[in-house]
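Some notes on the structure that comes next.
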Amino acid sequence: MRPKVKPGKESGLFEFRECRKLLKATGKKARNLAELMELIRTASDASIYHHTQEYFFKGHIVEYTNDFAQWVASVLEARVLSENLSSIDPFRQSSAEALRSDFANSISAYLEKFGAPGNVLPGEEFYFQESVTIVFPAGFRALNLAEFLMAMRFVDSQSIYYHFYEGRRRLEGVDDFSKWVEATLGHRDLALRIRAIDPFMHSIEGVREHIVSFVEDALREEIEVGGI
Amino acid sequence: MISQYRGIAPKGQLELLKILGEKFMGRSILNVNSTRAGGGVAELLHRIMPILASMGMDAHWEVIEADDRFFDITKKIHNALQGNKEDFNDGMWDHHFEINRQNAEKLDLAADFVFIHDPQPAPLIKFRKRGHWIWRCHIDMSTPQQDVAGRIMDYARLYEAAVFSVAKFAMLLPIPEFIVLPSIDPLSDKNRELAPAEIEETAQKFDLPPDRPMILQVSRFDRFKDPVGVIRAYRIVKKYNDCILVLAGSPARDDPEGEAVLAEVQNFADGDPDIRILLLPPFSDKEINALQRLATVVFQKSLREGFGLTVSEAMWKGKPVIGGAVGGIPHQIVHGVNGFLVYSEEGGAFRARQYLNNDEMLKRMGEAAREHIRNNFLITRQIGDYLSICLGAESGGKTVMEIG
């Protein structure tokens, strides 16, 4: 029978949590590039994070890596700019302010070089949004690496998002998984491998596959007998 | 009742409902709208109310009573908010308010959370007794007739928050505005799993050949759904691939153009025996379910659309839909991942041919379609959103809420 433990730091238990995003309209919308740039400059931090980091919450990264680039490509059809905007890594920037500058400066440079495309049709504007985050237990917990592996296989993708992507905002650039693996299990090598997964280059399911694979490797090493 | 969704909805959505259910146990929640039958709002409330009650909430649904004049006025309000020109005078607004005042006297409006649906009962906010009042607007307010929008906004701004279906439907209000996307119920007759015999029964009823690929569009016979465009796309496909086309819809009694469009479509089909135009009686949910499961390729080639939940319905059955890039369809279809967005008949035909010639792609995108709906468009997510709004109202508008 499973030992009775209390969740929390003392027990060493990893309690999977997950998040839902409740969307909020801000009432602000951009009809053209100049308006997009101005609104990015004045948008709330929550709105900047929503359209960049939280883009990964959708779980289906196709061609572009944030809502701004997606709109610029699909509605304005300004491919050069959408590539520029797509290359801005929201996980490398330390603050919303820095991110805001990166996006606004990129648009400004494009406007200087290529001029402004006209207004989009009504209904195709860029709508600035924010989100409210609801965090709650995902219904899985792990006491050791083997349990962690099983949970990683079955937990909802929103839980992986919460710990791997959103954890970086809480823990100054470090995800929850590698922190637990290192601090609680003392598995530094595994922690470093997980930490080396580039959040910008993967969808949530891609992150899951990598972590599962790394944990399997670590577990195999633990249980393998013989030195060959 | 939530347990019925186990193994169907994502585990996290059910965990959240369990936690919110415990949190709101015994608390009262009231929904008010203007009709108990007909229309998407009533359909939604019929599904949601028993679930809220099963979670231990004291859930009530009230419907305002009104005369024909009131409904004539509110129909005009609805049209004007969607951008059509309508004339109003003060007497009409007075009547709108007066009917609400009379209802406020009769209805028990005391509840912890009160959701008022659409403009018809919006003035009830003037008679608020207690609790958190939220205005749920289901209609597209993006390009409203300004004077009418102003009148409704005067009521809306008195609420604690407003909820819209899509960001672009929202109006600029000085209160928090949430976006709650619509959803489908995977346990309803329209979406539940069907036994092979039930599917076969529908195929036989409509004499559909089991061994030929089938292109399907389910929609009212309405020009904005572009049934003639679908026939044109089918004719292009037919030059390369064997297939039949099924256009299935119910007659809409509130749509005077429906019969004319149906005649137009029948005329355009020109007696092609491989085009089946099925006029289904209202509430043919099981038949529509079976048709969507029988289809190889599903179109929703709308030229204008509200949200277009038939897209989610087909995607839930593992069909990667070919949809017009209008209204709520781009919220449901991720182009190239779980379906295709198209802008022309030729585009629609090309994508249909891709599906018909590539079983692996059809299967892969179909699986992605079902998973996308599972994560984002099931009723469990929508109930979670509503209760999260209640939670937010009680927390004083926090941006991160940790529970459980």
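By convention here, the chains of the structure tokens are called A, B, ... in the order presented, each chain's residues are numbered starting at 1, and ligands are numbered starting at 1 in the order presented.
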Could you please select, counting only C-alpha atoms, the residues of chain B within 9 Å of chain A and state them as a compact mmCIF listing (two decimals) with C-alpha atoms, in the first residue's frame?
```
# COMPACT_ATOMS: atom_id res chain seq x y z
CA PRO B 10 -9.72 15.62 -20.17
CA LYS B 11 -9.00 14.55 -16.61
CA GLY B 12 -7.96 18.09 -15.63
CA GLN B 13 -11.29 19.58 -16.66
CA GLU B 15 -10.67 17.66 -11.54
CA LEU B 16 -11.37 21.39 -11.80
CA ILE B 19 -12.82 21.22 -6.85
CA SER B 142 -18.75 44.02 -33.14
CA THR B 143 -20.51 46.42 -35.53
CA VAL B 163 -19.11 37.40 -21.08
CA PHE B 164 -18.88 37.13 -24.87
CA VAL B 166 -15.47 35.48 -29.17
CA ALA B 167 -13.20 38.51 -28.63
CA LYS B 168 -14.42 40.23 -31.76
CA PHE B 169 -18.05 39.98 -30.61
CA ALA B 170 -17.28 42.10 -27.53
CA MET B 171 -18.10 45.78 -27.07
CA LEU B 172 -16.03 48.26 -25.11
CA LEU B 173 -17.36 48.23 -21.54
CA PRO B 176 -14.18 43.00 -17.04
CA GLU B 177 -15.14 41.21 -20.24
CA PHE B 178 -14.49 37.49 -20.41
CA ILE B 179 -14.39 35.31 -23.49
CA VAL B 180 -16.06 31.93 -23.14
CA GLY B 327 -16.89 33.76 -37.83
CA VAL B 334 -6.10 24.92 -36.99
CA HIS B 335 -5.23 25.12 -40.67
CA GLY B 336 -3.12 22.20 -41.84
CA VAL B 337 -3.16 20.54 -38.41
CA GLY B 384 -15.37 25.28 -15.72
CA ASP B 385 -15.10 28.70 -17.35
CA SER B 388 -14.07 30.25 -12.73
CA ILE B 389 -15.75 33.56 -13.50
CA GLY B 392 -12.96 35.48 -9.91
CA GLY B 397 -10.64 40.06 -9.83
CA LYS B 398 -7.30 38.31 -9.17
CA THR B 399 -5.31 37.35 -12.28
CA VAL B 400 -3.97 34.11 -10.77
CA MET B 401 -6.21 31.97 -8.61
CA GLU B 402 -4.88 28.86 -6.88
CA ILE B 403 -7.46 26.38 -5.66
CA GLY B 404 -7.49 22.86 -4.28
```
Polymer residues at most 12 Å from Tyr55 (chain A), only C-alpha atoms, same-chain spacing of 3 or more positions, as a PyMOL selection string
chain A and resi 21+47-52+58-62+64-70+86+89-91+129-131+161+165-166+199-200+202-204
Next, dump the selected residues to file, keeping only C-alpha atoms, as a CSV table (one decimal), in the first residue's frame.
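File selection-v5.csv, as written:
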```csv
chain,number,residue,atom,x,y,z
A,21,LYS,CA,-6.7,30.1,-18.9
A,47,SER,CA,-1.6,41.0,-22.5
A,48,ILE,CA,2.0,40.9,-23.7
A,49,TYR,CA,2.6,37.5,-21.9
A,50,HIS,CA,-0.7,36.2,-23.2
A,51,HIS,CA,0.1,36.8,-26.8
A,52,THR,CA,3.7,35.5,-26.6
A,58,LYS,CA,-2.4,26.2,-27.4
A,59,GLY,CA,-0.2,23.2,-28.0
A,60,HIS,CA,-0.1,23.4,-31.7
A,61,ILE,CA,2.7,25.6,-32.9
A,62,VAL,CA,2.5,25.5,-36.6
A,64,TYR,CA,4.8,31.1,-36.1
A,65,THR,CA,5.6,31.4,-32.4
A,66,ASN,CA,3.3,34.2,-31.2
A,67,ASP,CA,-0.1,35.7,-31.9
A,68,PHE,CA,1.4,38.9,-33.4
A,69,ALA,CA,3.5,37.0,-36.0
A,70,GLN,CA,0.5,34.8,-36.8
A,86,SER,CA,8.5,34.8,-34.8
A,89,ASP,CA,12.0,34.2,-28.0
A,90,PRO,CA,9.7,35.2,-25.1
A,91,PHE,CA,11.4,32.8,-22.7
A,129,GLN,CA,-6.6,39.9,-24.8
A,130,GLU,CA,-5.4,39.0,-21.4
A,131,SER,CA,-6.0,35.9,-19.3
A,161,TYR,CA,2.5,23.7,-19.7
A,165,TYR,CA,6.5,26.9,-19.4
A,166,GLU,CA,4.8,28.9,-16.7
A,199,PRO,CA,10.8,25.6,-24.7
A,200,PHE,CA,10.7,27.8,-27.8
A,202,HIS,CA,8.8,22.5,-29.0
A,203,SER,CA,5.1,22.1,-28.6
A,204,ILE,CA,3.9,20.8,-25.2
```
Near-Trp93 (chain B) list (10 Å; only C-alpha atoms; drop same-chain fewer than 6 positions) as JSON, numbers by chain:
{"B": [70, 73, 74, 77, 148, 151]}
Tell me which protein, DNA and RNA residues are within 10 Å of region 30-34 of chain A, counting only C-alpha atoms, leaving out same-chain ones fewer than 2 positions away, and put them as JSON, numbers by chain.
{"A": [28, 36, 37, 38, 39, 40, 72, 75, 76, 78, 104, 107, 108, 110, 111, 115, 116, 117, 118, 119, 120, 121, 122, 123, 124, 125, 126, 127, 128]}
Go ahead and write the selection's residues with C-alpha atoms as a PDB file, in the first residue's frame.
```
ATOM      1  CA  LYS A  28      -8.275  47.229 -27.763  1.00  0.00           C
ATOM      2  CA  LEU A  36      -0.393  47.162 -33.585  1.00  0.00           C
ATOM      3  CA  MET A  37       2.940  48.767 -32.682  1.00  0.00           C
ATOM      4  CA  GLU A  38       1.342  51.491 -30.569  1.00  0.00           C
ATOM      5  CA  LEU A  39      -0.906  49.057 -28.748  1.00  0.00           C
ATOM      6  CA  ILE A  40       1.994  46.696 -28.051  1.00  0.00           C
ATOM      7  CA  VAL A  72       0.912  39.649 -39.448  1.00  0.00           C
ATOM      8  CA  VAL A  75      -4.037  38.709 -42.247  1.00  0.00           C
ATOM      9  CA  LEU A  76      -1.475  41.321 -43.356  1.00  0.00           C
ATOM     10  CA  ALA A  78       3.755  40.572 -44.394  1.00  0.00           C
ATOM     11  CA  ALA A 104       7.609  47.230 -31.154  1.00  0.00           C
ATOM     12  CA  ILE A 107       7.606  46.501 -36.328  1.00  0.00           C
ATOM     13  CA  SER A 108       9.062  50.003 -36.346  1.00  0.00           C
ATOM     14  CA  TYR A 110       9.783  47.100 -40.848  1.00  0.00           C
ATOM     15  CA  LEU A 111       7.586  50.175 -41.250  1.00  0.00           C
ATOM     16  CA  GLY A 115       6.015  51.250 -45.426  1.00  0.00           C
ATOM     17  CA  ALA A 116       2.661  50.383 -43.933  1.00  0.00           C
ATOM     18  CA  PRO A 117       0.162  47.976 -45.444  1.00  0.00           C
ATOM     19  CA  GLY A 118      -3.403  49.357 -45.314  1.00  0.00           C
ATOM     20  CA  ASN A 119      -6.182  48.646 -42.856  1.00  0.00           C
ATOM     21  CA  VAL A 120      -7.546  45.139 -42.621  1.00  0.00           C
ATOM     22  CA  LEU A 121     -11.214  44.374 -43.221  1.00  0.00           C
ATOM     23  CA  PRO A 122     -13.614  44.796 -40.284  1.00  0.00           C
ATOM     24  CA  GLY A 123     -13.582  41.632 -38.196  1.00  0.00           C
ATOM     25  CA  GLU A 124      -9.967  40.813 -39.089  1.00  0.00           C
ATOM     26  CA  GLU A 125      -8.404  43.240 -36.615  1.00  0.00           C
ATOM     27  CA  PHE A 126      -5.913  42.084 -33.975  1.00  0.00           C
ATOM     28  CA  TYR A 127      -7.791  41.858 -30.682  1.00  0.00           C
ATOM     29  CA  PHE A 128      -5.671  42.322 -27.584  1.00  0.00           C
TER      30      PHE A 128
END
```
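For region 141-147 of chain A, the non-local neighbours within 9 Å, defined as residues at least 4 positions apart in the same chain or in other chains and counting only C-alpha atoms, are A:Pro7, A:Ser11, A:Gly12, A:Leu13, A:Phe14, A:Glu15, A:Phe16, A:Arg17, A:Ala151, A:Met152, A:Val181, A:Leu185, A:Val215, A:Glu216, A:Ala218, A:Leu219.
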Need the shell around region 120-122 of chain B: protein/DNA/RNA residues with any atom at most 8 Å away, counting only C-alpha atoms. Skip same-chain ones fewer than 3 positions apart. Format as a PyMOL selection string?
chain B and resi 32-34+64+74+96+100+116-117+125+135+152+155-156
If you count only C-alpha atoms, which residues fall within 6 Å of region 271-287 of chain B, apart from same-chain ones fewer than 3 positions away, as a PDB file with C-alpha atoms, in the first residue's frame?
```
ATOM      1  CA  ASP B 189     -27.738  12.587 -29.081  1.00  0.00           C
ATOM      2  CA  LYS B 190     -25.949  14.760 -31.604  1.00  0.00           C
ATOM      3  CA  ILE B 244     -21.330  11.346 -53.414  1.00  0.00           C
ATOM      4  CA  LEU B 245     -22.421  14.641 -51.883  1.00  0.00           C
ATOM      5  CA  VAL B 246     -24.916  14.906 -49.022  1.00  0.00           C
ATOM      6  CA  LEU B 247     -26.369  18.287 -48.088  1.00  0.00           C
ATOM      7  CA  ALA B 248     -28.399  17.855 -44.913  1.00  0.00           C
ATOM      8  CA  GLY B 249     -30.396  20.526 -43.139  1.00  0.00           C
ATOM      9  CA  SER B 250     -33.579  21.234 -41.279  1.00  0.00           C
ATOM     10  CA  ALA B 290     -24.730   9.235 -37.945  1.00  0.00           C
TER      11      ALA B 290
END
```
Mind listing the alpha helix (DSSP H) residues of region 59-200 of chain A, per DSSP on the backbone, as JSON, numbers by chain?
{"A": [67, 68, 69, 70, 71, 72, 73, 74, 79, 80, 81, 82, 83, 84, 85, 86, 96, 97, 98, 99, 100, 101, 102, 103, 104, 105, 106, 107, 108, 109, 110, 111, 112, 113, 114, 145, 146, 147, 148, 149, 150, 151, 152, 153, 154, 157, 158, 159, 160, 167, 168, 169, 170, 176, 177, 178, 179, 180, 181, 182, 183, 188, 189, 190, 191, 192, 193, 194, 195]}
Mind listing the strand (DSSP E or B) residues of chain A, per DSSP on the backbone, as a PyMOL selection string?
chain A and resi 14-30+126-142
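The gap separating CA of Ala162 (chain B) from CA of Val311 (chain B) is 25.9 Å, in Å to one decimal.
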